[in-house]
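Here the structure comes first, spelled out in C-alpha cells, and everything after it is commentary.
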Amino acid sequence: IEKKEMLYEGKAKQVYVTEDASKVIVYFKDDATAFNGKKKSQIEGKGKVNNHLSSLIYTYLEGKGVKTHFIQRLSDREMLVKAVTIIPLEIIVRNVAAGSMTRQLGVKEGTVLKKPIVEYSLKKDELGDPFVNEDHIIALEWATEEELNKIRSEALTINKLLIELFSKAGLKLIDFKLEFGVNKDGVLLADEISPDTCRLWETRTGRVMDKDRFRKDMGQVSEHYEEVLERVSKVLAV
Ligand code: C5P
C-alpha cells in the first residue's frame, strides 16, 4: 500500500493518505511534548516502541472483541489503520490517583480509587484541553448520546483488559488516555496505547515506567519504554 500526501501532523504522529480512501498510514515520531506543548524534546526510539506496543495491544484488544482502527503494522514506525473522524475528546480512565487529579482535587498520589473514574476533556490545545462532562459533549454535539454510551462502556472494558495484560507484565495500570473515531461501521478505538498515554508503575517496586519519566526529568526514558514493550511482548507471545 502506497503512502501519499500527509493529511495531518500532530505532536507525536503524522497521518498519511493512501490510494484507498478508507485507510490511512500513521507514522510514529520520536517527538515528545508535555505540559500542553510547553516542554518539547525527543525520546530516541520512542516512535518505534510506541508503534510496536500499540500494534500488539490493539491486536490483543481486537481478539477480546474491542473494535479498533488498527489494521496492521507496516514497519518499525508505520501502522495501517482505518480512516475515521476523530471525536474531539480525550477519554481518561483512572484506577489510582496521579497527575492532574492529585493537583486539581488534592488527592494523594497513589490513592487507590474505589471504582475506576472516566473523565473527558476537549482536545483543544489553545484552551489547555479543558475538562468537560457528558452534558457538554451531547449539548455541543461532539458525540451523540449513543456514541457517548458506547465510548464509556468500551473505555471501562478496555480498562479491565489492560489491567489484566499489564499485571501479567508486572505493571500496574494507574491511568490512561483513549481517543475514539467514527467511520461507517460506528465508533472505533483510535490513536495509540503506549507509555506516552498510560501511567504504568512496576507492581513490585512502584518504579515509574511511563512518560512521567520525561515530564519529571527522571532520566532513562527510552530504556523504560523499551522495557514496557519487552514485558508486554513476552506476555502476548505465550
Ligand atoms: O495529566 P493527567 O493526569 O490528566 O493524565 C492522565 C492520563 O492520561 C496519563 O496517563 C497521561 O499520560 C494521559 N494523557 C495523555 N494525553 C493528554 C493528557 C493525558 O495521554 N493530552
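By order in the C-alpha cells, chains are A, B, ...; within a chain, residues start at 1; ligands start at 1, following the order shown.
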Let me see if you get this right: every residue at most 9 Å from ligand 1, counting only C-alpha atoms and all ligand atoms, written as a PDB file with C-alpha atoms, in the first residue's frame.
ATOM      1  CA  ALA A  34       4.411  17.706  27.871  1.00  0.00           C
ATOM      2  CA  PHE A  35       2.539  20.396  29.777  1.00  0.00           C
ATOM      3  CA  ASN A  36       0.380  21.254  26.778  1.00  0.00           C
ATOM      4  CA  GLU A  90      -9.662  12.704  25.367  1.00  0.00           C
ATOM      5  CA  ILE A  91     -11.177   9.896  27.385  1.00  0.00           C
ATOM      6  CA  ILE A  92      -9.184   9.393  30.573  1.00  0.00           C
ATOM      7  CA  VAL A  93      -9.641   6.367  32.790  1.00  0.00           C
ATOM      8  CA  ARG A  94      -8.130   6.333  36.279  1.00  0.00           C
ATOM      9  CA  ALA A  97      -4.809   8.910  41.729  1.00  0.00           C
ATOM     10  CA  ALA A  98      -1.881  10.564  39.944  1.00  0.00           C
ATOM     11  CA  GLY A  99      -1.047  13.522  37.721  1.00  0.00           C
ATOM     12  CA  SER A 100      -3.665  16.226  37.189  1.00  0.00           C
ATOM     13  CA  MET A 101      -6.093  14.522  39.556  1.00  0.00           C
ATOM     14  CA  THR A 102      -3.743  14.965  42.508  1.00  0.00           C
ATOM     15  CA  ARG A 103      -3.209  18.628  41.586  1.00  0.00           C
ATOM     16  CA  GLU A 119     -13.113  11.665  32.615  1.00  0.00           C
ATOM     17  CA  SER A 121     -11.549  16.613  28.161  1.00  0.00           C
ATOM     18  CA  LYS A 123      -8.999  18.186  22.580  1.00  0.00           C
ATOM     19  CA  ASP A 125      -4.522  22.896  22.757  1.00  0.00           C
ATOM     20  CA  GLY A 128      -5.352  23.522  27.513  1.00  0.00           C
ATOM     21  CA  ASP A 129      -7.701  20.551  26.912  1.00  0.00           C
ATOM     22  CA  LEU A 173      -2.078   0.496  35.216  1.00  0.00           C
ATOM     23  CA  ILE A 174      -2.582   3.773  37.090  1.00  0.00           C
ATOM     24  CA  ASP A 175      -4.436   5.732  34.391  1.00  0.00           C
ATOM     25  CA  PHE A 176      -4.545   6.181  30.628  1.00  0.00           C
ATOM     26  CA  LYS A 177      -5.989   8.220  27.782  1.00  0.00           C
ATOM     27  CA  LEU A 178      -8.029   6.964  24.832  1.00  0.00           C
ATOM     28  CA  GLU A 192      -2.415   4.757  20.348  1.00  0.00           C
ATOM     29  CA  ILE A 193      -1.898   2.970  23.650  1.00  0.00           C
ATOM     30  CA  SER A 194       1.690   3.367  24.838  1.00  0.00           C
ATOM     31  CA  PRO A 195       3.826   4.655  27.731  1.00  0.00           C
ATOM     32  CA  ASP A 196       3.059   8.127  26.299  1.00  0.00           C
ATOM     33  CA  THR A 197      -0.641   7.683  27.030  1.00  0.00           C
ATOM     34  CA  CYS A 198      -0.643   5.397  30.097  1.00  0.00           C
ATOM     35  CA  ARG A 199       0.802   5.684  33.591  1.00  0.00           C
ATOM     36  CA  LEU A 200       2.456   2.376  34.450  1.00  0.00           C
ATOM     37  CA  ASP A 210       5.975   5.839  31.527  1.00  0.00           C
ATOM     38  CA  LYS A 211       6.023   9.405  30.223  1.00  0.00           C
ATOM     39  CA  ASP A 212       6.258  10.835  33.748  1.00  0.00           C
TER      40      ASP A 212
END
**Study point:** Contact residues around stretch 61-70 of chain A with only C-alpha atoms at 10 Å, ignoring same-chain residues under 6 positions, as a list in words
**Key:** Lys23, Val24, Ser54, Ser55, Met79, Leu80, Val81, Lys82, Ala83, Val84, Glu154, Ala155, Thr157, Ile158, Leu161, Leu162, Leu165, Phe180, Gly181, Val182, Asn183, Asp185, Gly186, Val187, Leu188, Leu189, Ala190, Asp191 and Glu192 of chain A
Practice item. Find the spatial neighbours of A:Val228, counting only C-alpha atoms, within a cut-off of 9 Å - ignore same-chain residues fewer than 3 positions away - and output them as JSON, numbers by chain. Key: {"A": [49, 53, 166, 169, 171, 194, 195, 200, 209, 210, 223, 224, 225, 231, 232, 233]}
Can you spit out the residues from that selection as a JSON list (two decimals), in the first residue's frame, using C-alpha atoms?
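Saved the output as out_22.json:
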[["chain", "number", "residue", "atom", "x", "y", "z"],
["A", 49, "VAL", "CA", 8.42, 1.39, 20.62],
["A", 53, "LEU", "CA", 3.49, -1.71, 21.52],
["A", 166, "PHE", "CA", -0.16, -5.19, 32.21],
["A", 169, "ALA", "CA", 3.80, -7.99, 32.70],
["A", 171, "LEU", "CA", 2.99, -3.47, 35.74],
["A", 194, "SER", "CA", 1.69, 3.37, 24.84],
["A", 195, "PRO", "CA", 3.83, 4.65, 27.73],
["A", 200, "LEU", "CA", 2.46, 2.38, 34.45],
["A", 209, "MET", "CA", 7.78, 3.18, 33.60],
["A", 210, "ASP", "CA", 5.97, 5.84, 31.53],
["A", 223, "GLU", "CA", 15.11, 2.44, 28.29],
["A", 224, "HIS", "CA", 11.90, 2.28, 30.31],
["A", 225, "TYR", "CA", 9.67, 2.47, 27.23],
["A", 231, "ARG", "CA", 7.49, -7.21, 29.04],
["A", 232, "VAL", "CA", 4.21, -6.93, 27.15],
["A", 233, "SER", "CA", 5.66, -8.79, 24.13]]
Check your understanding: So what do you get for atom CA of A:Ala32 versus atom CA of A:Ala12, distance-wise?
Key ->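 So the answer is 6.3 Å.
The interatomic distance for the pair atom CA of A:Ser22 and atom CA of A:Ile1 works out to 12.2 Å.
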**Study point:** Residue set, stretch 30-230 of chain A restricted to strand (DSSP E or B), as a count of residues only
**Key:** 63
Review point. Among stretch 2-70 of chain A, which ones does DSSP place in helix (DSSP H, G or I), written as a PyMOL selection string?
Key: chain A and resi 46-63
Point to revise | Pick from A:Ile163, A:Ile43, A:Ala21, A:Ile138, whichever lies nearest to A:Asn95 using only C-alpha atoms | key: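 Checking each of A:Ile163, A:Ile43, A:Ala21, A:Ile138 against A:Asn95, counting only C-alpha atoms, the winner is A:Ile163.
Interatomic distance, atom CA of A:Gly110 against atom CA of A:Pro130: 23.4 Å.
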Point to revise | Among the residues A:Lys216, A:Lys184, A:Lys168, A:Lys40, the one that comes closest to A:Thr85 [using only C-alpha atoms] | key: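 So, comparing all the options, the nearest one is A:Lys184.
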Practice item. Have a look at A:Glu78, A:Leu89, A:Leu236, A:Leu229 and name the one nearest to A:Tyr16; count only C-alpha atoms. Key: A:Glu78
